[in-house]
Amino acid sequence: MSKVARVFSGIQPTGVPQLGNYLGSIKNWVAMQNSGQYGELFYSVVDLHALTVPRDPRVLRKDTMEMAAAIIACGVDPERSVLFRQSAVPAHTQLLWTLGCITPVGWLNRMTQWKSKLQSQNEAANLNAQAAQGLLTGLLTYPVLMAADILLYRATHIPVGEDQVQHLEFARDLALHFNKTYGQKMFPPPQSILTPSKRIMSLKDPLRKMSKSDPNEMSRITLSDSDDDIRRKIKRAPTDAIAGITFDPMERPGVANLVGIYAALKDIADPAEAARTMESLNNAQLKEAVADAVVGTLGPIRDQMQRLLDDKTHLERVLCDNEAKARSVAEESWREIAQCAGLVGL
């Protein structure tokens with residue numbers, strides 16, 4: 001891959017990330033940064049996306065700073081990657097409107113996330129206009145803002161998991177649609193970087209994804225958990241009565257989840273291979289091995305994250321410096337886009 005590639009990726013500010021966020025996104029960001037394969041990397045805490053669900057402003061600001069601190073503590077270097085808060089770059093919303101004006105509503109209605117929200121709004125009814133009345137516009141236009149995030153930086157490569165492929169395809173379609181509408185090759189259609197899928201499941205219900213929204217704190221490990229908290233949560237995770245360790249998500253979801261966590265932390269690509277190295281262990285020994293791996297990885301991250309949060313003036317300065325870099329690139333891009341669309345573009 002040519003080193004001229006430009007990468008963009010974003011993560012919502014949910015506060016201190018949980019283990020699934022780290023293994024599914026942030027760890028991949030660090031790996032891409034350290035690989036030397038990419039020319040420029042733009043990583044954003046996408047606080048504008050967080051507004052699709054009403055949030056207490058004070059909590060949102062706190063969550064945004066905690067997420068930024070966690071990203072740096074995990075190994076994203078603000079001197080090598082551009083880490084910024086989305087709302088600090090006004091061109092994101094300027095491009096959102098410009099793209100939204102040429103986006104067919106039918107494209108948005110087909111998005112899986114929108115349809116699932118409709119379904120949950122009215123479980124007893126078919127998808128219809130009445131079911132949509134209580135949903136907010138931001139949920140419908142969310143994919144346009146995601147596309148704007150990518151296209152504003154003329155990003156060539158986007159790291160995505162399997163559940164995000166539709167959003168990238170939407171951004172590609174919108175890039176091509178804009179180019180055709182205005183008769184210019186303004187946006188390169190972004191290509192996907194399929195990142196290793198690290199689907200980390202709940203420690204209380206291994207059939208559901210680990211999530212910060214789960215009311216049961218025992219269901220997840222966060223990057224701020226103490227060593228004792230981590231060990232206690234893993235010790236209480238459900239397994240089964242089958243002897244030996246195997247990787248079988250269908251028949252042994254609890255054991256498979258623990259093996260998957262261990263494999264991801266140890267950079268073992270195939271969890272089944274990790275299971276084979278532990279096949280003689282019992283469940284208690286498996287949990288001990290997993291807890292050791294989690295504590296060994298998250299302990300230094302937790303300590304560095306706390307140091308960053310203890311000096312918020314320094315953290316704010318780091319973010320402001322990076323946001324100036326992001327604005328410089330975004331504003332130059334916006335001027336060209338605005339001129340193409342007949343706008344002032346100042």
# chains A, B, ... in the order shown; residues from 1 in each chain; ligands from 1
>>> select_by_dssp(residues="range 51-218 of chain A", states="strand (DSSP E or B)", output="NGL selection string")
:A and (82-85 or 157-160 or 191-194 or 201 or 209)
>>> write_last_selection(atoms="N, CA and C atoms", output="compact mmCIF listing (two decimals), in the first residue's frame")
# COMPACT_ATOMS: atom_id res chain seq x y z
N VAL A 82 -3.28 12.66 14.04
CA VAL A 82 -4.06 13.85 14.38
C VAL A 82 -5.29 13.39 15.15
N LEU A 83 -5.30 13.67 16.45
CA LEU A 83 -6.41 13.30 17.33
C LEU A 83 -7.18 14.57 17.68
N PHE A 84 -8.47 14.59 17.37
CA PHE A 84 -9.22 15.84 17.56
C PHE A 84 -10.68 15.57 17.87
N ARG A 85 -11.31 16.58 18.48
CA ARG A 85 -12.75 16.53 18.73
C ARG A 85 -13.47 17.04 17.49
N HIS A 157 -8.61 5.59 2.95
CA HIS A 157 -8.78 4.29 3.59
C HIS A 157 -9.46 4.46 4.96
N ILE A 158 -10.42 3.58 5.22
CA ILE A 158 -11.21 3.65 6.45
C ILE A 158 -11.20 2.29 7.12
N PRO A 159 -10.72 2.20 8.36
CA PRO A 159 -10.79 0.92 9.07
C PRO A 159 -12.23 0.64 9.49
N VAL A 160 -12.74 -0.52 9.13
CA VAL A 160 -14.13 -0.86 9.47
C VAL A 160 -14.21 -2.31 9.92
N GLN A 191 -11.67 3.52 0.43
CA GLN A 191 -11.53 2.07 0.46
C GLN A 191 -11.55 1.59 1.90
N SER A 192 -11.99 0.36 2.10
CA SER A 192 -12.06 -0.19 3.45
C SER A 192 -10.76 -0.87 3.83
N ILE A 193 -10.42 -0.76 5.10
CA ILE A 193 -9.39 -1.60 5.71
C ILE A 193 -10.15 -2.49 6.68
N LEU A 194 -10.36 -3.73 6.31
CA LEU A 194 -11.11 -4.64 7.17
C LEU A 194 -10.23 -5.02 8.36
N MET A 201 -18.03 -10.05 23.99
CA MET A 201 -19.38 -10.21 24.50
C MET A 201 -19.45 -9.89 26.00
N LYS A 209 -23.40 -8.30 23.05
CA LYS A 209 -22.14 -7.57 23.02
C LYS A 209 -21.89 -6.86 24.34
>>> residues_around(residues="Trp334 in chain A", least_positions_apart="2", cutoff="8 Å", atoms="only C-alpha atoms", output="VMD selection string")
chain A and resid 91 95 152 330 to 332 336 to 338 345
>>> residues_around(residues="Asn216 in chain A", least_positions_apart="6", cutoff="10 Å", atoms="only C-alpha atoms", output="short mmCIF file (atom, residue, chain, number, x, y, z; two decimals) with all heavy atoms, in the first residue's frame")
data_model
loop_
_atom_site.label_atom_id
_atom_site.label_comp_id
_atom_site.auth_asym_id
_atom_site.auth_seq_id
_atom_site.Cartn_x
_atom_site.Cartn_y
_atom_site.Cartn_z
N SER A 202 -20.67 -9.71 26.47
CA SER A 202 -20.92 -9.40 27.88
C SER A 202 -20.38 -10.50 28.79
O SER A 202 -20.47 -11.69 28.47
CB SER A 202 -22.43 -9.24 28.10
OG SER A 202 -22.76 -9.27 29.48
N LEU A 203 -19.86 -10.09 29.94
CA LEU A 203 -19.38 -11.07 30.92
C LEU A 203 -20.51 -11.65 31.75
O LEU A 203 -20.27 -12.55 32.57
CB LEU A 203 -18.35 -10.41 31.85
CG LEU A 203 -17.03 -10.01 31.19
CD1 LEU A 203 -16.11 -9.36 32.22
CD2 LEU A 203 -16.35 -11.20 30.53
N LYS A 204 -21.72 -11.17 31.55
CA LYS A 204 -22.88 -11.74 32.22
C LYS A 204 -23.78 -12.52 31.27
O LYS A 204 -24.42 -13.49 31.65
CB LYS A 204 -23.70 -10.64 32.91
CG LYS A 204 -22.96 -9.88 34.00
CD LYS A 204 -22.42 -10.80 35.08
CE LYS A 204 -23.50 -11.45 35.92
NZ LYS A 204 -22.92 -12.31 36.99
#
>>> closest_residue(among="A:Ala269, A:Ala73, A:Met67, A:Leu145", to="Leu96 in chain A", atoms="only C-alpha atoms")
A:Leu145
>>> atom_distance(atom1="CA of Val144 in chain A", atom2="CA of Gly100 in chain A")
6.3 Å
>>> closest_residue(among="A:Thr156, A:Asn257, A:Gln164, A:Asn283", to="Pro189 in chain A", atoms="only C-alpha atoms")
A:Thr156
>>> select_by_dssp(residues="range 90-311 of chain A", states="helix (DSSP H, G or I)", output="tab-separated table (two decimals) with N, CA and C atoms, in the first residue's frame")
chain	number	residue	atom	x	y	z
A	91	ALA	N	-16.16	22.65	9.63
A	91	ALA	CA	-16.38	22.20	8.25
A	91	ALA	C	-17.11	20.86	8.20
A	92	HIS	N	-17.08	20.08	9.29
A	92	HIS	CA	-17.83	18.81	9.30
A	92	HIS	C	-19.32	19.07	9.07
A	93	THR	N	-19.86	20.05	9.78
A	93	THR	CA	-21.29	20.31	9.63
A	93	THR	C	-21.60	21.09	8.36
A	94	GLN	N	-20.66	21.88	7.88
A	94	GLN	CA	-20.86	22.55	6.59
A	94	GLN	C	-20.98	21.52	5.46
A	95	LEU	N	-20.12	20.53	5.51
A	95	LEU	CA	-20.19	19.50	4.47
A	95	LEU	C	-21.40	18.59	4.68
A	96	LEU	N	-21.78	18.37	5.93
A	96	LEU	CA	-23.00	17.60	6.21
A	96	LEU	C	-24.19	18.19	5.46
A	97	TRP	N	-24.37	19.52	5.56
A	97	TRP	CA	-25.51	20.15	4.90
A	97	TRP	C	-25.40	20.04	3.38
A	98	THR	N	-24.20	20.28	2.87
A	98	THR	CA	-24.00	20.24	1.43
A	98	THR	C	-24.30	18.85	0.87
A	99	LEU	N	-23.82	17.82	1.56
A	99	LEU	CA	-24.07	16.46	1.11
A	99	LEU	C	-25.53	16.07	1.33
A	100	GLY	N	-26.09	16.53	2.46
A	100	GLY	CA	-27.48	16.19	2.74
A	100	GLY	C	-28.45	16.70	1.69
A	105	VAL	N	-33.63	10.53	0.13
A	105	VAL	CA	-34.16	10.03	1.40
A	105	VAL	C	-34.23	8.50	1.38
A	106	GLY	N	-34.49	7.95	0.21
A	106	GLY	CA	-34.55	6.50	0.10
A	106	GLY	C	-33.26	5.81	0.53
A	107	TRP	N	-32.13	6.45	0.26
A	107	TRP	CA	-30.85	5.89	0.70
A	107	TRP	C	-30.81	5.79	2.22
A	108	LEU	N	-31.31	6.83	2.89
A	108	LEU	CA	-31.28	6.85	4.36
A	108	LEU	C	-32.26	5.85	4.95
A	109	ASN	N	-33.43	5.72	4.32
A	109	ASN	CA	-34.43	4.77	4.82
A	109	ASN	C	-33.96	3.33	4.74
A	112	THR	N	-29.56	0.11	7.84
A	112	THR	CA	-29.94	-0.89	8.83
A	112	THR	C	-30.17	-0.27	10.20
A	113	GLN	N	-29.32	0.68	10.59
A	113	GLN	CA	-29.44	1.29	11.91
A	113	GLN	C	-30.77	2.02	12.05
A	114	TRP	N	-31.16	2.75	10.99
A	114	TRP	CA	-32.43	3.48	11.03
A	114	TRP	C	-33.60	2.50	11.12
A	115	LYS	N	-33.54	1.45	10.33
A	115	LYS	CA	-34.64	0.47	10.34
A	115	LYS	C	-34.75	-0.22	11.69
A	116	SER	N	-33.62	-0.50	12.32
A	116	SER	CA	-33.66	-1.16	13.63
A	116	SER	C	-34.24	-0.22	14.68
A	117	LYS	N	-33.94	1.08	14.56
A	117	LYS	CA	-34.52	2.05	15.50
A	117	LYS	C	-36.03	2.14	15.30
A	118	LEU	N	-36.45	2.11	14.06
A	118	LEU	CA	-37.89	2.11	13.80
A	118	LEU	C	-38.55	0.89	14.42
A	119	GLN	N	-37.91	-0.25	14.25
A	119	GLN	CA	-38.47	-1.49	14.75
A	119	GLN	C	-38.59	-1.46	16.27
A	120	SER	N	-37.56	-0.97	16.94
A	120	SER	CA	-37.60	-0.92	18.40
A	120	SER	C	-38.59	0.14	18.90
A	121	GLN	N	-38.87	1.15	18.07
A	121	GLN	CA	-39.84	2.19	18.44
A	121	GLN	C	-41.25	1.62	18.49
A	129	ALA	N	-44.78	5.24	8.88
A	129	ALA	CA	-44.53	6.64	9.21
A	129	ALA	C	-44.89	6.95	10.66
A	130	GLN	N	-45.94	6.32	11.16
A	130	GLN	CA	-46.36	6.59	12.53
A	130	GLN	C	-45.28	6.14	13.52
A	131	ALA	N	-44.65	5.00	13.24
A	131	ALA	CA	-43.59	4.51	14.13
A	131	ALA	C	-42.40	5.46	14.13
A	132	ALA	N	-42.22	6.18	13.04
A	132	ALA	CA	-41.05	7.06	12.92
A	132	ALA	C	-41.24	8.41	13.59
A	137	THR	N	-34.40	13.41	13.96
A	137	THR	CA	-33.83	13.57	12.62
A	137	THR	C	-32.37	13.15	12.58
A	138	GLY	N	-31.64	13.42	13.67
A	138	GLY	CA	-30.23	13.08	13.70
A	138	GLY	C	-29.96	11.61	13.44
A	139	LEU	N	-30.88	10.73	13.89
A	139	LEU	CA	-30.70	9.31	13.66
A	139	LEU	C	-30.82	8.97	12.17
A	140	LEU	N	-31.70	9.71	11.47
A	140	LEU	CA	-31.88	9.47	10.04
A	140	LEU	C	-30.69	9.99	9.24
A	141	THR	N	-30.19	11.17	9.60
A	141	THR	CA	-29.12	11.79	8.82
A	141	THR	C	-27.72	11.44	9.32
A	142	TYR	N	-27.65	10.62	10.36
A	142	TYR	CA	-26.38	10.18	10.92
A	142	TYR	C	-25.40	9.69	9.85
A	143	PRO	N	-25.84	8.86	8.88
A	143	PRO	CA	-24.89	8.38	7.86
A	143	PRO	C	-24.31	9.50	6.99
A	144	VAL	N	-25.06	10.59	6.81
A	144	VAL	CA	-24.54	11.70	6.01
A	144	VAL	C	-23.40	12.38	6.75
A	145	LEU	N	-23.55	12.55	8.06
A	145	LEU	CA	-22.45	13.13	8.85
A	145	LEU	C	-21.24	12.20	8.85
A	146	MET	N	-21.48	10.90	8.93
A	146	MET	CA	-20.35	9.96	8.85
A	146	MET	C	-19.63	10.09	7.52
A	147	ALA	N	-20.39	10.24	6.45
A	147	ALA	CA	-19.78	10.42	5.13
A	147	ALA	C	-19.01	11.73	5.07
A	148	ALA	N	-19.59	12.78	5.65
A	148	ALA	CA	-18.90	14.08	5.67
A	148	ALA	C	-17.58	13.99	6.43
A	149	ASP	N	-17.57	13.27	7.55
A	149	ASP	CA	-16.34	13.09	8.32
A	149	ASP	C	-15.23	12.52	7.44
A	150	ILE	N	-15.58	11.53	6.65
A	150	ILE	CA	-14.60	10.84	5.81
A	150	ILE	C	-14.18	11.70	4.62
A	151	LEU	N	-15.18	12.24	3.93
A	151	LEU	CA	-14.91	12.92	2.66
A	151	LEU	C	-14.25	14.28	2.87
A	152	LEU	N	-14.50	14.92	4.01
A	152	LEU	CA	-13.89	16.22	4.27
A	152	LEU	C	-12.37	16.15	4.20
A	162	GLU	N	-17.08	-5.58	10.42
A	162	GLU	CA	-18.13	-6.11	9.56
A	162	GLU	C	-19.44	-5.36	9.71
A	163	ASP	N	-19.72	-4.83	10.92
A	163	ASP	CA	-20.99	-4.15	11.15
A	163	ASP	C	-20.98	-2.71	10.65
A	164	GLN	N	-19.86	-2.25	10.11
A	164	GLN	CA	-19.77	-0.86	9.63
A	164	GLN	C	-19.64	-0.77	8.11
A	165	VAL	N	-19.66	-1.90	7.44
A	165	VAL	CA	-19.44	-1.92	6.00
A	165	VAL	C	-20.51	-1.10	5.27
A	166	GLN	N	-21.77	-1.18	5.72
A	166	GLN	CA	-22.84	-0.46	5.04
A	166	GLN	C	-22.61	1.05	5.09
A	167	HIS	N	-22.10	1.56	6.22
A	167	HIS	CA	-21.86	2.99	6.31
A	167	HIS	C	-20.74	3.43	5.37
A	168	LEU	N	-19.72	2.61	5.20
A	168	LEU	CA	-18.66	2.97	4.27
A	168	LEU	C	-19.17	2.92	2.83
A	169	GLU	N	-19.99	1.94	2.51
A	169	GLU	CA	-20.57	1.87	1.17
A	169	GLU	C	-21.43	3.11	0.90
A	170	PHE	N	-22.14	3.57	1.93
A	170	PHE	CA	-22.94	4.79	1.79
A	170	PHE	C	-22.02	5.97	1.47
A	171	ALA	N	-20.90	6.09	2.19
A	171	ALA	CA	-19.97	7.19	1.95
A	171	ALA	C	-19.38	7.12	0.54
A	172	ARG	N	-19.08	5.93	0.08
A	172	ARG	CA	-18.56	5.75	-1.29
A	172	ARG	C	-19.61	6.19	-2.31
A	173	ASP	N	-20.85	5.74	-2.11
A	173	ASP	CA	-21.93	6.11	-3.04
A	173	ASP	C	-22.14	7.62	-3.06
A	174	LEU	N	-22.05	8.24	-1.89
A	174	LEU	CA	-22.28	9.68	-1.82
A	174	LEU	C	-21.12	10.45	-2.46
A	175	ALA	N	-19.90	9.94	-2.31
A	175	ALA	CA	-18.75	10.57	-2.96
A	175	ALA	C	-18.92	10.55	-4.47
A	176	LEU	N	-19.29	9.40	-5.01
A	176	LEU	CA	-19.49	9.27	-6.45
A	176	LEU	C	-20.67	10.13	-6.92
A	177	HIS	N	-21.72	10.19	-6.11
A	177	HIS	CA	-22.91	10.97	-6.45
A	177	HIS	C	-22.58	12.46	-6.50
A	178	PHE	N	-21.79	12.94	-5.53
A	178	PHE	CA	-21.37	14.34	-5.54
A	178	PHE	C	-20.52	14.62	-6.78
A	179	ASN	N	-19.55	13.76	-7.05
A	179	ASN	CA	-18.68	13.95	-8.21
A	179	ASN	C	-19.49	14.03	-9.51
A	180	LYS	N	-20.49	13.16	-9.62
A	180	LYS	CA	-21.33	13.15	-10.83
A	180	LYS	C	-22.23	14.38	-10.88
A	181	THR	N	-22.80	14.75	-9.73
A	181	THR	CA	-23.72	15.90	-9.68
A	181	THR	C	-23.03	17.18	-10.13
A	182	TYR	N	-21.77	17.38	-9.68
A	182	TYR	CA	-21.07	18.63	-9.98
A	182	TYR	C	-20.02	18.48	-11.07
A	217	GLU	N	-22.86	-3.43	35.85
A	217	GLU	CA	-21.44	-3.13	35.69
A	217	GLU	C	-20.58	-4.39	35.63
A	218	MET	N	-21.09	-5.51	36.13
A	218	MET	CA	-20.33	-6.76	36.08
A	218	MET	C	-20.27	-7.32	34.66
A	219	SER	N	-21.04	-6.73	33.74
A	219	SER	CA	-21.09	-7.24	32.37
A	219	SER	C	-19.91	-6.79	31.53
A	227	ASP	N	-7.26	-3.64	39.15
A	227	ASP	CA	-6.89	-5.04	38.92
A	227	ASP	C	-7.85	-5.97	39.64
A	228	ASP	N	-8.21	-5.63	40.87
A	228	ASP	CA	-9.13	-6.48	41.64
A	228	ASP	C	-10.50	-6.53	40.99
A	229	ASP	N	-10.99	-5.40	40.48
A	229	ASP	CA	-12.29	-5.38	39.80
A	229	ASP	C	-12.26	-6.27	38.56
A	230	ILE	N	-11.18	-6.20	37.80
A	230	ILE	CA	-11.06	-7.01	36.59
A	230	ILE	C	-11.10	-8.49	36.94
A	231	ARG	N	-10.33	-8.88	37.94
A	231	ARG	CA	-10.28	-10.29	38.32
A	231	ARG	C	-11.64	-10.77	38.85
A	232	ARG	N	-12.31	-9.93	39.63
A	232	ARG	CA	-13.62	-10.32	40.16
A	232	ARG	C	-14.64	-10.51	39.04
A	233	LYS	N	-14.66	-9.60	38.07
A	233	LYS	CA	-15.63	-9.70	36.98
A	233	LYS	C	-15.39	-10.94	36.13
A	234	ILE	N	-14.13	-11.23	35.85
A	234	ILE	CA	-13.81	-12.41	35.02
A	234	ILE	C	-14.10	-13.69	35.79
A	235	LYS	N	-13.82	-13.68	37.09
A	235	LYS	CA	-14.07	-14.88	37.92
A	235	LYS	C	-15.56	-15.24	37.92
A	253	PRO	N	-20.67	-20.49	24.48
A	253	PRO	CA	-20.47	-19.04	24.29
A	253	PRO	C	-19.66	-18.39	25.40
A	254	GLY	N	-19.85	-18.80	26.65
A	254	GLY	CA	-19.12	-18.18	27.74
A	254	GLY	C	-17.63	-18.46	27.66
A	255	VAL	N	-17.27	-19.72	27.46
A	255	VAL	CA	-15.86	-20.09	27.32
A	255	VAL	C	-15.26	-19.44	26.08
A	256	ALA	N	-16.02	-19.45	24.97
A	256	ALA	CA	-15.52	-18.85	23.73
A	256	ALA	C	-15.24	-17.37	23.89
A	257	ASN	N	-16.07	-16.67	24.66
A	257	ASN	CA	-15.85	-15.24	24.88
A	257	ASN	C	-14.54	-15.00	25.62
A	258	LEU	N	-14.29	-15.80	26.65
A	258	LEU	CA	-13.05	-15.65	27.41
A	258	LEU	C	-11.84	-15.99	26.55
A	259	VAL	N	-11.95	-17.04	25.76
A	259	VAL	CA	-10.85	-17.41	24.87
A	259	VAL	C	-10.61	-16.30	23.85
A	260	GLY	N	-11.70	-15.72	23.33
A	260	GLY	CA	-11.57	-14.63	22.36
A	260	GLY	C	-10.88	-13.42	22.94
A	261	ILE	N	-11.20	-13.09	24.19
A	261	ILE	CA	-10.53	-11.96	24.86
A	261	ILE	C	-9.04	-12.25	25.00
A	262	TYR	N	-8.73	-13.45	25.45
A	262	TYR	CA	-7.31	-13.84	25.62
A	262	TYR	C	-6.56	-13.76	24.29
A	263	ALA	N	-7.16	-14.32	23.24
A	263	ALA	CA	-6.50	-14.32	21.93
A	263	ALA	C	-6.27	-12.90	21.43
A	264	ALA	N	-7.27	-12.03	21.58
A	264	ALA	CA	-7.14	-10.65	21.11
A	264	ALA	C	-6.03	-9.91	21.84
A	265	LEU	N	-5.93	-10.13	23.14
A	265	LEU	CA	-4.91	-9.44	23.93
A	265	LEU	C	-3.51	-9.98	23.64
A	271	PRO	N	-8.76	-17.55	17.48
A	271	PRO	CA	-9.06	-17.95	18.85
A	271	PRO	C	-9.00	-19.47	19.05
A	272	ALA	N	-9.32	-20.22	18.00
A	272	ALA	CA	-9.25	-21.68	18.13
A	272	ALA	C	-7.82	-22.13	18.43
A	273	GLU	N	-6.85	-21.43	17.86
A	273	GLU	CA	-5.45	-21.73	18.15
A	273	GLU	C	-5.14	-21.44	19.62
A	274	ALA	N	-5.66	-20.33	20.12
A	274	ALA	CA	-5.46	-20.00	21.53
A	274	ALA	C	-6.08	-21.07	22.42
A	275	ALA	N	-7.26	-21.55	22.04
A	275	ALA	CA	-7.93	-22.59	22.83
A	275	ALA	C	-7.10	-23.87	22.88
A	276	ARG	N	-6.45	-24.19	21.77
A	276	ARG	CA	-5.64	-25.41	21.73
A	276	ARG	C	-4.47	-25.33	22.70
A	277	THR	N	-3.94	-24.13	22.90
A	277	THR	CA	-2.81	-23.99	23.84
A	277	THR	C	-3.28	-24.10	25.29
A	283	ASN	N	-11.94	-24.48	33.86
A	283	ASN	CA	-12.51	-23.14	33.70
A	283	ASN	C	-11.89	-22.12	34.64
A	284	ALA	N	-11.59	-22.53	35.87
A	284	ALA	CA	-10.97	-21.60	36.82
A	284	ALA	C	-9.59	-21.18	36.33
A	285	GLN	N	-8.84	-22.12	35.77
A	285	GLN	CA	-7.50	-21.79	35.26
A	285	GLN	C	-7.58	-20.90	34.02
A	286	LEU	N	-8.60	-21.16	33.19
A	286	LEU	CA	-8.82	-20.29	32.03
A	286	LEU	C	-9.09	-18.86	32.49
A	287	LYS	N	-9.97	-18.70	33.46
A	287	LYS	CA	-10.30	-17.36	33.95
A	287	LYS	C	-9.08	-16.66	34.53
A	288	GLU	N	-8.23	-17.42	35.21
A	288	GLU	CA	-7.02	-16.84	35.77
A	288	GLU	C	-6.08	-16.36	34.67
A	289	ALA	N	-5.95	-17.17	33.59
A	289	ALA	CA	-5.08	-16.79	32.47
A	289	ALA	C	-5.63	-15.54	31.76
A	290	VAL	N	-6.95	-15.49	31.59
A	290	VAL	CA	-7.56	-14.33	30.94
A	290	VAL	C	-7.40	-13.10	31.81
A	291	ALA	N	-7.64	-13.23	33.10
A	291	ALA	CA	-7.50	-12.10	34.01
A	291	ALA	C	-6.07	-11.56	34.01
A	292	ASP	N	-5.08	-12.47	33.99
A	292	ASP	CA	-3.68	-12.03	33.93
A	292	ASP	C	-3.41	-11.23	32.66
A	293	ALA	N	-3.98	-11.70	31.54
A	293	ALA	CA	-3.76	-11.01	30.26
A	293	ALA	C	-4.41	-9.64	30.27
A	294	VAL	N	-5.62	-9.54	30.81
A	294	VAL	CA	-6.34	-8.26	30.84
A	294	VAL	C	-5.63	-7.27	31.77
A	295	VAL	N	-5.28	-7.73	32.96
A	295	VAL	CA	-4.60	-6.86	33.92
A	295	VAL	C	-3.26	-6.40	33.37
A	296	GLY	N	-2.52	-7.31	32.75
A	296	GLY	CA	-1.21	-6.96	32.20
A	296	GLY	C	-1.30	-5.91	31.10
A	297	THR	N	-2.39	-5.93	30.34
A	297	THR	CA	-2.56	-4.96	29.25
A	297	THR	C	-3.16	-3.65	29.74
A	298	LEU	N	-4.21	-3.74	30.54
A	298	LEU	CA	-4.96	-2.54	30.90
A	298	LEU	C	-4.36	-1.77	32.07
A	299	GLY	N	-3.56	-2.43	32.90
A	299	GLY	CA	-2.98	-1.74	34.05
A	299	GLY	C	-2.18	-0.50	33.66
A	300	PRO	N	-1.19	-0.62	32.77
A	300	PRO	CA	-0.43	0.56	32.36
A	300	PRO	C	-1.29	1.61	31.65
A	301	ILE	N	-2.28	1.16	30.88
A	301	ILE	CA	-3.18	2.10	30.20
A	301	ILE	C	-3.97	2.90	31.23
A	302	ARG	N	-4.51	2.20	32.22
A	302	ARG	CA	-5.29	2.87	33.28
A	302	ARG	C	-4.46	3.94	33.99
A	303	ASP	N	-3.23	3.58	34.32
A	303	ASP	CA	-2.38	4.52	35.06
A	303	ASP	C	-2.05	5.76	34.21
A	304	GLN	N	-1.74	5.54	32.93
A	304	GLN	CA	-1.43	6.67	32.05
A	304	GLN	C	-2.66	7.53	31.80
A	305	MET	N	-3.81	6.90	31.66
A	305	MET	CA	-5.05	7.65	31.45
A	305	MET	C	-5.33	8.55	32.65
A	306	GLN	N	-5.11	8.03	33.85
A	306	GLN	CA	-5.36	8.83	35.04
A	306	GLN	C	-4.39	10.00	35.13
A	307	ARG	N	-3.12	9.78	34.74
A	307	ARG	CA	-2.17	10.89	34.73
A	307	ARG	C	-2.62	12.00	33.78
A	308	LEU	N	-3.13	11.62	32.64
A	308	LEU	CA	-3.61	12.61	31.67
A	308	LEU	C	-4.82	13.37	32.21
A	309	LEU	N	-5.73	12.66	32.86
A	309	LEU	CA	-6.93	13.31	33.39
A	309	LEU	C	-6.61	14.18	34.61
A	310	ASP	N	-5.52	13.87	35.27
A	310	ASP	CA	-5.10	14.70	36.41
A	310	ASP	C	-4.50	16.03	35.97
